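Remarks on the structure that follows.
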Amino acid sequence: MKAQDERAPTPAGDALTPFEQALRERVPSREALLAEARAQSARQRRRKQTLGGGLSLLVLATGLWFLDPAWYSEDIRVPVGSRDSRQLADGSTLILDSASHLRIEYRLRSRQFELLDGEATFTVSHGPQPFIVRSQGVAVRDIGTVFNVRSDRRGVAVTVLDGEVEVSNQSSRSRRVHAGQQLLANEQRLGAVGKVDPARIIAWQQGKLRFDGTPLSEAIVDLQRYRQAPIRLADARVGQLRLSGEFDSKAVEALLDGLPMILPVQLLRDGDGSVLIRGR
């Protein structure tokens, strides 16, 4: 009889055990795959948030660029009887008359100013940013020039001394004003462009007031800028009287006292310094 082999047969599963173990070491478990999937999702969310935040900042920056916000403003107030001059960082210069109030706005894309009251001459240095002066709903845009803006209860007077400007408001088509021309405007209307004597317009820079057949009602507005107490007219008829001549802006009181020798008027002074002008 043949001797039987004493070694027990090896089951097929046992034979594959080493390979199965090696395969498990190379292939992640179900738990590991789930953990990796969760981590991948978290990374994608973070990327989307970062991208979204970047896009939001880009949209915000683009919006700010087109909106041209003012990031800083400076007010200049000139005392009665004084004048002030400034040179800006871009080389432009400003000269302001007595009792003037100007706000300088530092903006992202433009050089802007608001003349709230008074008179100022702007000598503009050329630059990539627009140079704009606003007053009473009127905007004056420089096109390479020297110009004067007066703002008071009569409205806004824009006079060009050199070059040209573009004047606009919300109600009318913009108009060009050239050297030696003036335009009167307000928020609702742009007047006709007319010729003027630029030297007369800026005589205030030399301390002079020049009137050439100016209605007394208008001359009083100019005189008022050089005194604190009010000057009043008794009636509209007195305001229609015409005043001519050159006067010292530092001698407004002497001019007022001399009015009865120039025009058919009487002058009444009150204890508070106010003056009433009435016809004779």
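Identifiers in this document derive from the order of the structure tokens: chains are assigned A, B, ..., residues are numbered from 1 separately in each chain, and ligands are numbered from 1 in order of occurrence.
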
Residue neighbourhood His126 (chain A), 10 Å, only C-alpha atoms, exclusion window fewer than 3 positions, as a list in words: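 These residues fall inside the cut-off: Asp90, Gly91, Ser92, Thr123, Gln129, Pro130, Phe131, Asp142, Ile143, Gly144 and Thr145 of chain A.
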
Output the selection as a PDB file, in the first residue's frame - C-alpha atoms for each residue.
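To be explicit, this is the file written out as selection11.pdb:
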ATOM      1  CA  ASP A  90      -0.721 119.179  -8.864  1.00  0.00           C
ATOM      2  CA  GLY A  91       0.618 122.711  -9.443  1.00  0.00           C
ATOM      3  CA  SER A  92      -2.776 124.411  -9.870  1.00  0.00           C
ATOM      4  CA  THR A 123      -5.292 128.557 -12.692  1.00  0.00           C
ATOM      5  CA  GLN A 129      -7.650 113.930 -13.914  1.00  0.00           C
ATOM      6  CA  PRO A 130     -10.540 116.265 -14.804  1.00  0.00           C
ATOM      7  CA  PHE A 131     -10.652 119.606 -12.953  1.00  0.00           C
ATOM      8  CA  ASP A 142     -11.692 122.932 -17.243  1.00  0.00           C
ATOM      9  CA  ILE A 143     -10.356 122.417 -20.762  1.00  0.00           C
ATOM     10  CA  GLY A 144      -6.917 123.902 -20.049  1.00  0.00           C
ATOM     11  CA  THR A 145      -7.467 127.405 -18.748  1.00  0.00           C
TER      12      THR A 145
END

Write out, as JSON lines, each residue of region 195-234 of chain A that has an atom at most 10 Å from region 250-262 of chain A, together with the closest pair of atoms and their distance in Å to one decimal, counting only C-alpha atoms, rows going by chain and rising number.
{"residue": "A:Gly207", "atom": "CA", "partner": "A:Lys250", "partner_atom": "CA", "distance": 7.0}
{"residue": "A:Lys208", "atom": "CA", "partner": "A:Lys250", "partner_atom": "CA", "distance": 8.4}
{"residue": "A:Leu209", "atom": "CA", "partner": "A:Val252", "partner_atom": "CA", "distance": 9.5}
{"residue": "A:Ile220", "atom": "CA", "partner": "A:Leu256", "partner_atom": "CA", "distance": 9.6}
{"residue": "A:Leu223", "atom": "CA", "partner": "A:Val252", "partner_atom": "CA", "distance": 6.6}
{"residue": "A:Gln224", "atom": "CA", "partner": "A:Val252", "partner_atom": "CA", "distance": 8.8}
{"residue": "A:Arg225", "atom": "CA", "partner": "A:Val252", "partner_atom": "CA", "distance": 9.8}
{"residue": "A:Tyr226", "atom": "CA", "partner": "A:Val252", "partner_atom": "CA", "distance": 7.0}
{"residue": "A:Arg227", "atom": "CA", "partner": "A:Val252", "partner_atom": "CA", "distance": 7.7}
{"residue": "A:Ile231", "atom": "CA", "partner": "A:Leu256", "partner_atom": "CA", "distance": 9.4}

Could you pull out the residues in region 129-271 of chain A that DSSP calls helix (DSSP H, G or I) from the backbone, as a PyMOL selection string? chain A and resi 198-201+203-206+216-224+236-239+249-262

Restricting it to N, CA and C atoms, dump the selection as a tab-separated table (two decimals), in the first residue's frame.
chain	number	residue	atom	x	y	z
A	198	PRO	N	-11.95	141.05	-18.91
A	198	PRO	CA	-11.41	140.20	-17.84
A	198	PRO	C	-10.74	141.00	-16.72
A	199	ALA	N	-10.10	142.12	-17.06
A	199	ALA	CA	-9.42	142.92	-16.03
A	199	ALA	C	-10.43	143.45	-15.02
A	200	ARG	N	-11.62	143.82	-15.49
A	200	ARG	CA	-12.64	144.30	-14.55
A	200	ARG	C	-13.13	143.18	-13.64
A	201	ILE	N	-13.22	141.97	-14.20
A	201	ILE	CA	-13.75	140.83	-13.43
A	201	ILE	C	-12.82	140.48	-12.28
A	203	ALA	N	-10.53	142.47	-10.88
A	203	ALA	CA	-9.98	143.65	-10.18
A	203	ALA	C	-9.93	143.43	-8.68
A	204	TRP	N	-10.79	142.54	-8.17
A	204	TRP	CA	-10.79	142.26	-6.73
A	204	TRP	C	-9.45	141.73	-6.25
A	205	GLN	N	-8.68	141.11	-7.15
A	205	GLN	CA	-7.38	140.59	-6.74
A	205	GLN	C	-6.39	141.71	-6.41
A	206	GLN	N	-6.64	142.90	-6.95
A	206	GLN	CA	-5.82	144.08	-6.63
A	206	GLN	C	-6.51	144.97	-5.61
A	216	LEU	N	-27.49	149.32	-8.77
A	216	LEU	CA	-27.10	149.41	-7.37
A	216	LEU	C	-27.43	148.12	-6.61
A	217	SER	N	-28.49	147.44	-7.02
A	217	SER	CA	-28.85	146.18	-6.36
A	217	SER	C	-27.76	145.14	-6.51
A	218	GLU	N	-27.06	145.14	-7.66
A	218	GLU	CA	-25.96	144.20	-7.87
A	218	GLU	C	-24.69	144.69	-7.20
A	219	ALA	N	-24.44	145.98	-7.27
A	219	ALA	CA	-23.24	146.52	-6.63
A	219	ALA	C	-23.25	146.28	-5.13
A	220	ILE	N	-24.44	146.35	-4.53
A	220	ILE	CA	-24.56	146.11	-3.09
A	220	ILE	C	-24.15	144.68	-2.74
A	221	VAL	N	-24.43	143.72	-3.60
A	221	VAL	CA	-24.03	142.34	-3.34
A	221	VAL	C	-22.51	142.24	-3.27
A	222	ASP	N	-21.82	142.94	-4.18
A	222	ASP	CA	-20.35	142.93	-4.15
A	222	ASP	C	-19.82	143.65	-2.92
A	223	LEU	N	-20.42	144.78	-2.57
A	223	LEU	CA	-19.98	145.52	-1.39
A	223	LEU	C	-20.18	144.71	-0.11
A	224	GLN	N	-21.25	143.94	-0.07
A	224	GLN	CA	-21.59	143.18	1.14
A	224	GLN	C	-20.50	142.18	1.50
A	236	ALA	N	-37.21	148.51	-4.64
A	236	ALA	CA	-36.64	148.06	-5.91
A	236	ALA	C	-36.23	149.23	-6.80
A	237	ARG	N	-36.92	150.36	-6.70
A	237	ARG	CA	-36.61	151.52	-7.54
A	237	ARG	C	-35.19	152.01	-7.26
A	238	VAL	N	-34.81	152.02	-5.99
A	238	VAL	CA	-33.45	152.45	-5.64
A	238	VAL	C	-32.42	151.47	-6.21
A	239	GLY	N	-32.78	150.21	-6.20
A	239	GLY	CA	-31.86	149.20	-6.72
A	239	GLY	C	-31.59	149.32	-8.20
A	249	SER	N	-11.66	148.29	-2.25
A	249	SER	CA	-12.47	147.32	-1.50
A	249	SER	C	-12.22	147.41	0.00
A	250	LYS	N	-11.13	148.05	0.41
A	250	LYS	CA	-10.86	148.22	1.84
A	250	LYS	C	-11.50	149.51	2.39
A	251	ALA	N	-12.16	150.25	1.50
A	251	ALA	CA	-12.78	151.49	1.93
A	251	ALA	C	-14.28	151.49	1.59
A	252	VAL	N	-14.91	150.36	1.89
A	252	VAL	CA	-16.33	150.22	1.58
A	252	VAL	C	-17.16	151.23	2.37
A	253	GLU	N	-16.78	151.49	3.62
A	253	GLU	CA	-17.55	152.42	4.44
A	253	GLU	C	-17.50	153.83	3.84
A	254	ALA	N	-16.35	154.22	3.34
A	254	ALA	CA	-16.23	155.54	2.71
A	254	ALA	C	-17.08	155.60	1.45
A	255	LEU	N	-17.12	154.50	0.69
A	255	LEU	CA	-17.95	154.45	-0.51
A	255	LEU	C	-19.42	154.60	-0.16
A	256	LEU	N	-19.86	153.89	0.89
A	256	LEU	CA	-21.26	154.00	1.30
A	256	LEU	C	-21.59	155.43	1.73
A	257	ASP	N	-20.70	156.04	2.49
A	257	ASP	CA	-20.94	157.41	2.94
A	257	ASP	C	-20.99	158.38	1.76
A	258	GLY	N	-20.26	158.06	0.69
A	258	GLY	CA	-20.21	158.95	-0.46
A	258	GLY	C	-21.31	158.71	-1.47
A	259	LEU	N	-22.09	157.66	-1.30
A	259	LEU	CA	-23.15	157.36	-2.27
A	259	LEU	C	-24.12	158.53	-2.48
A	260	PRO	N	-24.55	159.25	-1.43
A	260	PRO	CA	-25.47	160.37	-1.65
A	260	PRO	C	-24.90	161.48	-2.53
A	261	MET	N	-23.58	161.53	-2.69
A	261	MET	CA	-22.97	162.53	-3.57
A	261	MET	C	-22.89	162.01	-5.01
A	262	ILE	N	-23.10	160.69	-5.20
A	262	ILE	CA	-23.03	160.10	-6.53
A	262	ILE	C	-24.42	159.84	-7.09

Name all residues at most 12 Å from Asp117 (chain A) (count only C-alpha atoms; drop same-chain ones fewer than 6 positions away) and give them as a list in words. Asp75, Ile76, Arg77, Val78, Leu96, Asp97, Ser98, Ala99, Ser100, His101, Leu102, Arg103, Arg134, Ser135, Gln136, Val149, Arg150, Ser151, Asp152, Arg153, Arg154, Gly155, Val156, Ala157, Val221, Asp222 and Arg225 of chain A

Report the distance between CA of Gly118 (chain A) and CA of Gln266 (chain A) in Å, rounded to one decimal place.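 A separation of 27.9 Å between them.
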